[in-house]
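See below for model_18.cif, which holds mmCIF, C-alpha atoms.
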```
data_structure
#
loop_
_atom_site.label_atom_id
_atom_site.label_comp_id
_atom_site.auth_asym_id
_atom_site.auth_seq_id
_atom_site.Cartn_x
_atom_site.Cartn_y
_atom_site.Cartn_z
CA MET I 1 38.01 68.38 82.55
CA ASN I 2 40.26 65.46 81.58
CA PRO I 3 38.86 61.95 80.85
CA PHE I 4 40.06 60.60 84.22
CA MET I 5 38.25 63.37 86.08
CA THR I 6 35.11 62.73 84.01
CA LEU I 7 35.23 59.02 84.90
CA ARG I 8 35.72 59.81 88.59
CA VAL I 9 32.75 62.20 88.63
CA ALA I 10 30.61 59.61 86.84
CA MET I 11 31.57 56.87 89.30
CA ARG I 12 30.81 59.16 92.24
CA ALA I 13 27.37 59.91 90.82
CA LEU I 14 26.62 56.22 90.29
CA LEU I 15 27.82 55.19 93.75
CA ARG I 16 25.58 57.84 95.28
CA ASN I 17 22.63 55.54 94.42
CA LYS I 18 24.10 52.04 94.62
CA MET I 19 20.87 50.07 94.59
CA ARG I 20 19.45 52.01 91.66
CA SER I 21 22.68 51.57 89.71
CA PHE I 22 22.69 47.82 90.40
CA LEU I 23 19.07 47.38 89.34
CA THR I 24 19.81 49.38 86.19
CA THR I 25 22.63 47.00 85.23
CA LEU I 26 20.66 43.89 86.17
CA CYS I 27 18.98 43.52 82.77
CA ILE I 28 22.35 43.93 81.08
CA ILE I 29 23.83 41.28 83.38
CA ILE I 30 20.98 38.85 82.69
CA GLY I 31 21.12 39.48 78.94
CA VAL I 32 24.88 38.97 78.61
CA ALA I 33 24.84 35.94 80.93
CA ALA I 34 22.02 34.36 78.92
CA VAL I 35 23.83 34.94 75.62
CA ILE I 36 27.10 33.47 76.95
CA ALA I 37 25.40 30.44 78.54
CA MET I 38 23.15 29.64 75.57
CA VAL I 39 25.93 29.96 73.00
CA ALA I 40 28.29 27.87 75.19
CA ILE I 41 25.74 25.08 75.53
CA GLY I 42 24.84 25.30 71.82
CA GLU I 43 28.49 25.14 70.74
CA GLY I 44 29.01 22.22 73.09
CA ALA I 45 26.06 20.40 71.54
CA LYS I 46 27.47 21.10 68.09
CA ALA I 47 30.88 19.75 69.10
CA ARG I 48 29.22 16.66 70.55
CA VAL I 49 27.38 15.98 67.28
CA GLU I 50 30.64 16.42 65.34
CA ALA I 51 32.47 14.05 67.68
CA ALA I 52 29.71 11.45 67.47
CA PHE I 53 29.78 11.36 63.68
CA SER I 54 33.56 11.59 63.58
CA ALA I 55 33.65 8.48 65.75
CA MET I 56 31.80 6.56 63.06
CA GLY I 57 34.46 7.36 60.48
CA THR I 58 35.04 10.03 57.88
CA ASN I 59 33.54 10.19 54.38
CA LEU I 60 31.32 7.26 55.23
CA LEU I 61 28.52 5.70 53.21
CA ILE I 62 26.44 2.73 54.33
CA VAL I 63 24.75 0.57 51.68
CA MET I 64 21.72 -1.29 53.04
CA PRO I 65 19.72 -4.05 51.28
CA GLY I 66 16.18 -3.37 50.10
CA SER I 67 12.80 -4.22 51.60
CA THR I 68 10.26 -6.94 50.90
CA ARG I 69 6.74 -6.35 49.60
CA THR I 70 4.13 -9.06 49.99
CA GLY I 71 0.39 -8.58 49.42
CA GLY I 72 0.66 -4.82 49.75
CA VAL I 73 2.62 -5.12 53.01
CA GLN I 74 6.09 -3.62 52.77
CA GLY I 75 8.86 -4.71 55.12
CA GLY I 76 11.48 -2.42 56.60
CA SER I 77 14.85 -1.55 55.13
CA GLY I 78 17.11 -4.61 55.04
CA SER I 79 14.27 -7.13 55.12
CA ASN I 80 15.08 -8.35 51.59
CA GLN I 81 18.40 -9.87 50.51
CA THR I 82 19.40 -7.76 47.48
CA LEU I 83 23.14 -7.17 47.97
CA THR I 84 25.61 -9.79 46.83
CA TRP I 85 29.29 -10.43 47.44
CA GLU I 86 29.85 -9.64 43.76
CA ASP I 87 28.29 -6.20 44.39
CA LEU I 88 30.88 -5.62 47.09
CA ARG I 89 33.75 -6.59 44.81
CA ALA I 90 32.39 -4.38 42.04
CA ILE I 91 32.21 -1.40 44.40
CA GLN I 92 35.80 -2.03 45.51
CA THR I 93 37.19 -2.28 41.98
CA GLU I 94 34.97 -0.25 39.65
CA VAL I 95 34.20 3.00 41.50
CA ASN I 96 37.16 5.41 41.45
CA THR I 97 35.78 7.63 44.20
CA VAL I 98 35.63 4.72 46.66
CA LYS I 99 38.78 4.39 48.75
CA ALA I 100 37.72 1.23 50.59
CA ALA I 101 34.65 -0.93 51.15
CA ALA I 102 33.99 -3.63 53.73
CA PRO I 103 31.08 -5.94 54.60
CA GLN I 104 29.33 -5.60 57.93
CA LEU I 105 27.51 -8.74 59.06
CA ARG I 106 25.90 -8.64 62.48
CA SER I 107 24.47 -11.06 64.99
CA SER I 108 23.87 -11.08 68.74
CA ALA I 109 25.75 -13.73 70.68
CA GLN I 110 26.78 -14.75 74.17
CA LEU I 111 30.53 -14.47 74.73
CA MET I 112 32.11 -16.53 77.52
CA SER I 113 35.54 -16.34 79.09
CA GLU I 114 36.74 -18.70 81.81
CA GLU I 115 34.99 -16.74 84.57
CA GLN I 116 32.53 -14.31 82.95
CA ASN I 117 30.00 -14.11 80.11
CA TRP I 118 28.51 -11.18 78.23
CA SER I 119 25.88 -10.78 75.52
CA THR I 120 26.94 -8.38 72.77
CA SER I 121 26.90 -7.73 69.02
CA VAL I 122 29.33 -9.81 66.98
CA TYR I 123 30.28 -8.43 63.57
CA GLY I 124 31.82 -10.20 60.61
CA THR I 125 33.94 -7.90 58.50
CA SER I 126 37.25 -7.44 56.70
CA THR I 127 40.53 -5.74 57.60
CA GLU I 128 39.55 -2.56 55.72
CA TYR I 129 36.65 -2.01 58.10
CA PHE I 130 38.89 -0.67 60.86
CA ASP I 131 40.54 1.80 58.48
CA ILE I 132 37.15 2.96 57.24
CA ARG I 133 35.99 3.52 60.81
CA SER I 134 39.32 5.15 61.82
CA TRP I 135 39.46 2.64 64.66
CA PRO I 136 42.97 1.36 65.49
CA PRO I 137 43.62 -1.32 68.14
CA ALA I 138 44.80 -0.21 71.59
CA GLU I 139 46.31 -3.65 72.24
CA GLY I 140 47.35 -6.41 69.90
CA SER I 141 46.23 -6.18 66.28
CA VAL I 142 43.24 -6.68 64.03
CA PHE I 143 42.90 -9.77 61.89
CA SER I 144 44.89 -9.96 58.64
CA GLN I 145 43.99 -10.87 55.08
CA SER I 146 45.34 -14.39 55.67
CA ASP I 147 42.90 -14.75 58.60
CA ILE I 148 40.05 -13.83 56.25
CA GLU I 149 41.22 -16.19 53.50
CA GLY I 150 41.71 -19.03 55.98
CA GLY I 151 38.54 -18.36 57.97
CA THR I 152 40.50 -18.52 61.21
CA LYS I 153 38.79 -18.30 64.59
CA VAL I 154 40.28 -15.06 65.87
CA ILE I 155 38.39 -12.19 67.48
CA VAL I 156 38.93 -8.49 68.18
CA LEU I 157 37.09 -7.07 71.19
CA GLY I 158 35.71 -3.63 71.91
CA ARG I 159 36.97 -2.11 75.15
CA SER I 160 33.64 -2.54 76.99
CA VAL I 161 33.46 -6.25 76.13
CA ALA I 162 37.08 -6.81 77.19
CA ASP I 163 36.39 -5.13 80.54
CA LYS I 164 33.26 -7.22 81.14
CA LEU I 165 34.91 -10.55 80.30
CA PHE I 166 38.37 -10.05 81.78
CA GLY I 167 38.08 -7.12 84.21
CA GLN I 168 39.16 -3.49 84.11
CA GLY I 169 42.75 -2.92 83.04
CA SER I 170 43.51 -6.57 82.26
CA SER I 171 44.99 -7.65 78.92
CA PRO I 172 43.00 -10.40 77.18
CA ILE I 173 45.47 -10.82 74.30
CA GLY I 174 46.08 -14.51 73.66
CA GLN I 175 43.15 -15.58 75.85
CA SER I 176 40.43 -17.88 74.57
CA ILE I 177 36.72 -17.07 74.64
CA ARG I 178 33.71 -18.92 73.30
CA VAL I 179 31.16 -17.44 70.91
CA ARG I 180 28.08 -19.65 70.82
CA ASN I 181 30.30 -22.40 72.28
CA ILE I 182 32.84 -21.97 69.46
CA PRO I 183 36.37 -21.15 70.73
CA PHE I 184 38.04 -17.97 69.45
CA GLN I 185 41.43 -16.51 70.29
CA VAL I 186 41.56 -12.83 71.27
CA ILE I 187 44.18 -11.07 69.12
CA GLY I 188 43.30 -7.42 69.75
CA VAL I 189 41.36 -4.87 71.80
CA LEU I 190 40.18 -1.75 70.00
CA SER I 191 40.74 1.77 71.31
CA ARG I 192 37.80 3.44 72.99
CA LYS I 193 35.30 4.80 70.47
CA GLY I 194 32.59 6.17 72.74
CA GLN I 195 28.91 6.53 71.98
CA SER I 196 26.95 7.35 68.86
CA ALA I 197 24.58 10.31 68.55
CA MET I 198 21.78 7.92 69.54
CA GLY I 199 23.59 6.63 72.64
CA GLN I 200 24.86 3.33 71.17
CA ASP I 201 28.08 2.13 72.83
CA TYR I 202 30.49 1.42 69.98
CA ASP I 203 32.87 -0.34 72.40
CA ASP I 204 30.24 -2.96 73.28
CA SER I 205 31.00 -5.12 70.24
CA ALA I 206 33.30 -7.85 68.92
CA TYR I 207 34.69 -8.49 65.42
CA ILE I 208 35.69 -11.65 63.57
CA PRO I 209 36.66 -12.32 59.91
CA TYR I 210 33.56 -12.32 57.71
CA THR I 211 34.49 -15.73 56.28
CA THR I 212 34.48 -17.19 59.79
CA PHE I 213 31.23 -15.38 60.52
CA ARG I 214 29.56 -16.90 57.46
CA SER I 215 30.67 -20.45 58.23
CA LYS I 216 30.41 -20.50 62.05
CA ILE I 217 27.84 -17.87 63.06
CA GLN I 218 25.47 -16.96 60.26
CA GLY I 219 25.24 -19.64 57.60
CA GLY I 220 22.43 -19.07 55.09
CA LEU I 221 22.68 -18.05 51.45
CA VAL I 222 26.19 -18.07 49.97
CA LYS I 223 25.49 -15.62 47.14
CA PHE I 224 23.87 -12.82 49.11
CA LEU I 225 25.53 -10.53 51.61
CA SER I 226 23.29 -10.71 54.66
CA GLY I 227 24.24 -7.36 56.10
CA SER I 228 25.41 -3.96 54.91
CA ILE I 229 28.43 -2.52 53.12
CA MET I 230 30.57 0.22 54.69
CA ILE I 231 32.18 2.55 52.15
CA GLU I 232 34.85 5.23 52.60
CA ALA I 233 35.07 7.85 49.87
CA THR I 234 38.46 9.11 48.70
CA ALA I 235 37.80 12.57 50.21
CA SER I 236 35.06 14.51 51.98
CA ASP I 237 34.22 16.48 48.82
CA THR I 238 33.82 13.26 46.77
CA THR I 239 31.38 11.56 49.14
CA ALA I 240 28.30 12.75 47.25
CA LYS I 241 29.86 11.74 43.94
CA ALA I 242 30.73 8.32 45.34
CA GLN I 243 27.12 7.92 46.44
CA ARG I 244 25.86 8.69 42.94
CA GLU I 245 28.36 6.34 41.30
CA VAL I 246 27.64 3.47 43.69
CA THR I 247 23.91 3.98 43.11
CA ALA I 248 24.39 3.86 39.33
CA LEU I 249 26.61 0.75 39.61
CA LEU I 250 24.15 -1.19 41.77
CA ARG I 251 21.15 -0.23 39.63
CA ASP I 252 23.02 -1.47 36.59
CA ARG I 253 24.07 -4.71 38.28
CA HIS I 254 20.54 -5.33 39.59
CA ARG I 255 19.09 -4.57 36.13
CA LEU I 256 16.67 -1.93 37.36
CA SER I 257 14.82 0.11 34.75
CA ASP I 258 14.34 3.88 35.02
CA SER I 259 10.79 3.34 36.27
CA GLN I 260 11.85 1.02 39.08
CA ASP I 261 12.85 2.17 42.54
CA ASP I 262 16.18 1.23 44.07
CA ASP I 263 16.19 -2.18 45.75
CA PHE I 264 18.80 -0.88 48.19
CA SER I 265 19.40 2.28 50.19
CA ILE I 266 22.52 4.37 50.81
CA ARG I 267 22.98 6.46 53.93
CA ASN I 268 25.35 9.38 53.70
CA LEU I 269 26.48 10.13 57.25
CA ALA I 270 28.00 13.44 56.16
CA GLU I 271 24.53 14.67 55.17
CA ILE I 272 23.01 13.43 58.43
CA ALA I 273 25.76 15.15 60.43
CA SER I 274 25.31 18.36 58.45
CA ALA I 275 21.55 18.33 59.05
CA GLN I 276 22.00 17.80 62.78
CA GLN I 277 24.63 20.55 62.97
CA GLU I 278 22.35 22.97 61.09
CA GLY I 279 19.55 22.18 63.52
CA THR I 280 21.85 22.77 66.48
CA GLU I 281 23.14 26.04 65.01
CA THR I 282 19.58 27.25 64.36
CA MET I 283 18.55 26.48 67.94
CA THR I 284 21.68 28.20 69.29
CA THR I 285 20.97 31.30 67.19
CA LEU I 286 17.34 31.35 68.34
CA LEU I 287 18.31 31.07 72.01
CA ALA I 288 20.98 33.77 71.63
CA ALA I 289 18.48 36.07 69.88
CA VAL I 290 15.93 35.59 72.67
CA ALA I 291 18.64 36.27 75.25
CA ALA I 292 19.74 39.39 73.34
CA VAL I 293 16.28 40.87 73.91
CA SER I 294 17.33 41.27 77.54
CA LEU I 295 20.12 43.56 76.38
CA LEU I 296 17.55 45.72 74.60
CA VAL I 297 15.42 45.82 77.74
CA GLY I 298 18.54 46.70 79.73
CA GLY I 299 19.30 49.55 77.35
CA ILE I 300 15.81 50.95 77.80
CA GLY I 301 16.28 50.66 81.56
CA ILE I 302 19.52 52.62 81.35
CA MET I 303 17.85 55.37 79.32
CA ASN I 304 14.98 55.57 81.80
CA ILE I 305 17.24 55.85 84.82
CA MET I 306 19.51 58.37 83.13
CA LEU I 307 16.48 60.55 82.31
CA VAL I 308 15.50 60.39 85.97
CA SER I 309 19.05 61.27 86.90
CA VAL I 310 19.04 64.29 84.59
CA THR I 311 15.84 65.52 86.22
CA GLU I 312 17.17 65.00 89.73
CA ARG I 313 20.47 66.73 88.97
CA THR I 314 19.13 69.71 87.03
CA ARG I 315 20.43 72.24 89.58
CA GLU I 316 23.83 70.47 89.64
CA ILE I 317 24.02 70.69 85.83
CA GLY I 318 23.09 74.37 85.93
CA LEU I 319 25.77 75.05 88.54
CA ARG I 320 28.45 73.25 86.51
CA MET I 321 27.55 75.19 83.38
CA ALA I 322 27.45 78.47 85.34
CA ILE I 323 31.05 78.02 86.53
CA GLY I 324 32.32 77.24 83.05
CA ALA I 325 31.47 73.63 82.12
CA ARG I 326 30.78 73.32 78.41
CA ARG I 327 27.91 71.45 76.83
CA TYR I 328 30.09 68.66 75.42
CA GLN I 329 31.53 68.07 78.93
CA ILE I 330 28.04 67.63 80.37
CA LEU I 331 27.19 65.36 77.44
CA LEU I 332 30.36 63.35 78.00
CA GLN I 333 29.72 62.99 81.73
CA PHE I 334 26.29 61.41 81.28
CA LEU I 335 27.50 59.24 78.41
CA VAL I 336 30.32 57.94 80.61
CA GLU I 337 27.84 57.15 83.38
CA SER I 338 25.64 55.06 81.05
CA LEU I 339 28.71 53.44 79.49
CA VAL I 340 30.08 52.44 82.90
CA LEU I 341 26.73 50.94 83.89
CA ALA I 342 26.55 48.89 80.72
CA PHE I 343 30.23 47.85 80.73
CA ILE I 344 30.19 46.70 84.34
CA GLY I 345 26.95 44.83 83.64
CA GLY I 346 28.62 43.16 80.66
CA ILE I 347 31.64 42.02 82.67
CA ILE I 348 29.48 40.63 85.48
CA GLY I 349 27.22 39.03 82.87
CA VAL I 350 30.15 37.21 81.23
CA ALA I 351 31.28 35.81 84.59
CA LEU I 352 27.72 34.79 85.47
CA GLY I 353 27.18 33.28 82.00
CA VAL I 354 30.34 31.15 82.19
CA GLY I 355 29.41 30.00 85.69
CA SER I 356 25.84 29.17 84.61
CA ALA I 357 27.07 27.25 81.57
CA LYS I 358 29.45 25.18 83.71
CA TRP I 359 26.70 24.48 86.24
CA LEU I 360 24.23 23.39 83.55
CA ALA I 361 26.86 21.25 81.84
CA ALA I 362 27.74 19.51 85.14
CA LYS I 363 24.12 19.05 86.22
CA PHE I 364 22.74 17.63 82.95
CA GLY I 365 25.91 16.05 81.54
CA TRP I 366 26.06 18.41 78.56
CA ASP I 367 29.15 19.47 76.70
CA MET I 368 30.15 23.11 77.04
CA LEU I 369 32.34 25.20 74.78
CA ILE I 370 33.07 28.81 75.74
CA ARG I 371 33.74 31.05 72.76
CA PRO I 372 35.96 34.03 73.72
CA ASP I 373 34.84 35.95 70.64
CA VAL I 374 31.18 35.71 71.72
CA ALA I 375 32.09 36.90 75.23
CA PHE I 376 34.01 39.84 73.77
CA ILE I 377 31.18 40.74 71.38
CA ALA I 378 28.64 40.52 74.23
CA VAL I 379 30.64 42.97 76.37
CA VAL I 380 31.18 45.35 73.43
CA PHE I 381 27.51 45.15 72.50
CA SER I 382 26.47 45.90 76.09
CA ALA I 383 28.78 48.93 76.10
CA LEU I 384 27.32 50.13 72.79
CA THR I 385 23.86 49.63 74.27
CA GLY I 386 24.83 51.95 77.11
CA VAL I 387 26.15 54.58 74.70
CA VAL I 388 23.16 54.43 72.34
CA PHE I 389 20.51 54.51 75.05
CA GLY I 390 22.43 57.03 77.15
CA LEU I 391 22.83 59.47 74.27
CA TYR I 392 19.33 60.99 74.51
CA PRO I 393 19.49 61.69 78.28
CA ALA I 394 23.03 63.07 77.86
CA ARG I 395 21.94 65.40 75.05
CA LYS I 396 18.97 66.52 77.13
CA ALA I 397 21.30 67.36 80.03
CA SER I 398 23.76 69.23 77.80
CA ARG I 399 20.99 71.36 76.24
CA LEU I 400 19.61 72.66 79.54
CA ASP I 401 19.64 76.45 79.93
CA PRO I 402 21.97 77.28 82.88
CA ILE I 403 19.64 80.00 84.28
CA ASP I 404 16.54 77.78 84.10
CA ALA I 405 18.53 74.91 85.59
CA LEU I 406 19.63 77.00 88.56
CA ARG I 407 16.02 78.08 89.20
CA TYR I 408 14.80 74.44 89.05
CA GLU I 409 13.28 73.20 92.30
#
```

Could you render the structure as structure tokens?
Amino acid sequence: MNPFMTLRVAMRALLRNKMRSFLTTLCIIIGVAAVIAMVAIGEGAKARVEAAFSAMGTNLLIVMPGSTRTGGVQGGSGSNQTLTWEDLRAIQTEVNTVKAAAPQLRSSAQLMSEEQNWSTSVYGTSTEYFDIRSWPPAEGSVFSQSDIEGGTKVIVLGRSVADKLFGQGSSPIGQSIRVRNIPFQVIGVLSRKGQSAMGQDYDDSAYIPYTTFRSKIQGGLVKFLSGSIMIEATASDTTAKAQREVTALLRDRHRLSDSQDDDFSIRNLAEIASAQQEGTETMTTLLAAVAAVSLLVGGIGIMNIMLVSVTERTREIGLRMAIGARRYQILLQFLVESLVLAFIGGIIGVALGVGSAKWLAAKFGWDMLIRPDVAFIAVVFSALTGVVFGLYPARKASRLDPIDALRYE
């Protein structure tokens, strides 16, 4: 009997009991569909985390000032002014692993155009900030070094702010807006940045030279930097080293002894991103493992049904062997039947899994990323499940004595 004939006989036997065959494959279908859907959603979540941290900039460190401590009550991070403008210049010039560093001063303010107004975050920073954040302008340009040195009243808007003040699709370049009743000229609109991992809209912001910010918006102490410092390391593999060197530099400049804690804090976004990705990968693996249990249950179901089939077809097996069928042909026939059940279940499961993942992604606003290799592995694994769990019933059928089989009632 050639392989094609074996397949045809197996298909005929399966179609003889359509409902039973479908119910047998149902666990395989559910298992494969669950694996595909869970991995797709997990990979989409991982990609979303990567995109969120990529939007903040690569190789990024954020230096925050320290906290106050009064009468045993400790304030939060940034409540004490411990960073100075000299610290910023030292970081820029003395740390070889730092590619660029920029101040980030922040205040909330009401912005007003001729017809609209909008409350948003206004940041004072330098030209390097936009390179550190990998954030080029979509229209116009960012402010120059001469704008910073001259303390000019120019402003760069995020896309959301530009849309609120001037309308969708309009170009605000050259227009005048007021920030706390101080006139500023719009010289640029930044490209869309999207949202952070916490849902913050990066595009809902405006940027002015830090010298202008200090004189017109913030005021206060001249010596201290009333904000944070954004740092870009020279490469992704030097970020940790840059963090150690900046820490050592600031401790030395602040004259902290070995027994004293840092009066500042440094956030390494690469470590935060890595931790979130590891958590996402662990959850994806857990969900896929739980879903894979369905494949095991499906394999047991296949073995159970095939054993029933062997019992029901004992006389048929005896007749085939009596007219010349060999044991390996009987073995092969039942193996093919279990393989077909599992393979068809795997194919249907992949289609159902992709459809379920798309539905979940559309309904809950999740990202979805289908991995072809996972789909292929799921189908192969389901086929192997059919072979492994169909082997015992097939061997049992092939070892039947033809005479006893023919006498079976």

**Exercise: residues within 7 Å of coordinate (36.7, -20.3, 79.6), counting all atoms listed in the file, as a list in words** = Met112, Ser113, Glu114, Glu115, Ser176 and Ile177 of chain I

For Leu14 of chain I, which residue out of I:Met38, I:Val340, I:Leu26, I:Ile155 is the nearest one, using only C-alpha atoms?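 Closest residue, counting only C-alpha atoms: I:Val340.
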
For this session: Check what the PyMOL selection byres ((chain I and resi 306-312) around 8) selects in the file above and give those residues as a ChimeraX atom specification.
Result: /I:302-305,313-315,334,338,390,393-394,396-397

Hits of the PyMOL selection byres ((chain I and resi 326) around 12) in this structure, as a list of chain:residue names: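 Expected selection for the PyMOL selection byres ((chain I and resi 326) around 12) here is I:Met1, I:Ile317, I:Gly318, I:Leu319, I:Arg320, I:Met321, I:Ala322, I:Ile323, I:Gly324, I:Ala325, I:Arg327, I:Tyr328, I:Gln329, I:Ile330, I:Leu331, I:Leu332, I:Gln333, I:Ala397, I:Ser398, I:Arg399, I:Leu400, I:Asp401, I:Pro402.
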
For the contact check between segment 184-263 of chain I and segment 132-150 of chain I, emit one row per residue of segment 184-263 of chain I within 9 Å, containing the shortest atom pair and the distance in Å rounded to one decimal, counting all atoms listed in the file, chain then rising number order, as CSV.
```
residue,atom,partner,partner_atom,distance
I:Val186,CA,I:Gly140,CA,8.8
I:Ile187,CA,I:Gly140,CA,5.7
I:Gly188,CA,I:Gly140,CA,4.2
I:Val189,CA,I:Glu139,CA,5.1
I:Leu190,CA,I:Pro137,CA,3.9
I:Ser191,CA,I:Ala138,CA,4.5
I:Arg192,CA,I:Ala138,CA,8.0
I:Lys193,CA,I:Trp135,CA,7.5
I:Tyr207,CA,I:Val142,CA,8.8
I:Ile208,CA,I:Phe143,CA,7.6
I:Pro209,CA,I:Ile148,CA,5.2
I:Tyr210,CA,I:Ile148,CA,6.8
I:Thr211,CA,I:Ile148,CA,5.9
I:Thr212,CA,I:Ile148,CA,7.4
I:Met230,CA,I:Ile132,CA,7.6
I:Ile231,CA,I:Ile132,CA,7.1
I:Glu232,CA,I:Ile132,CA,5.7
```
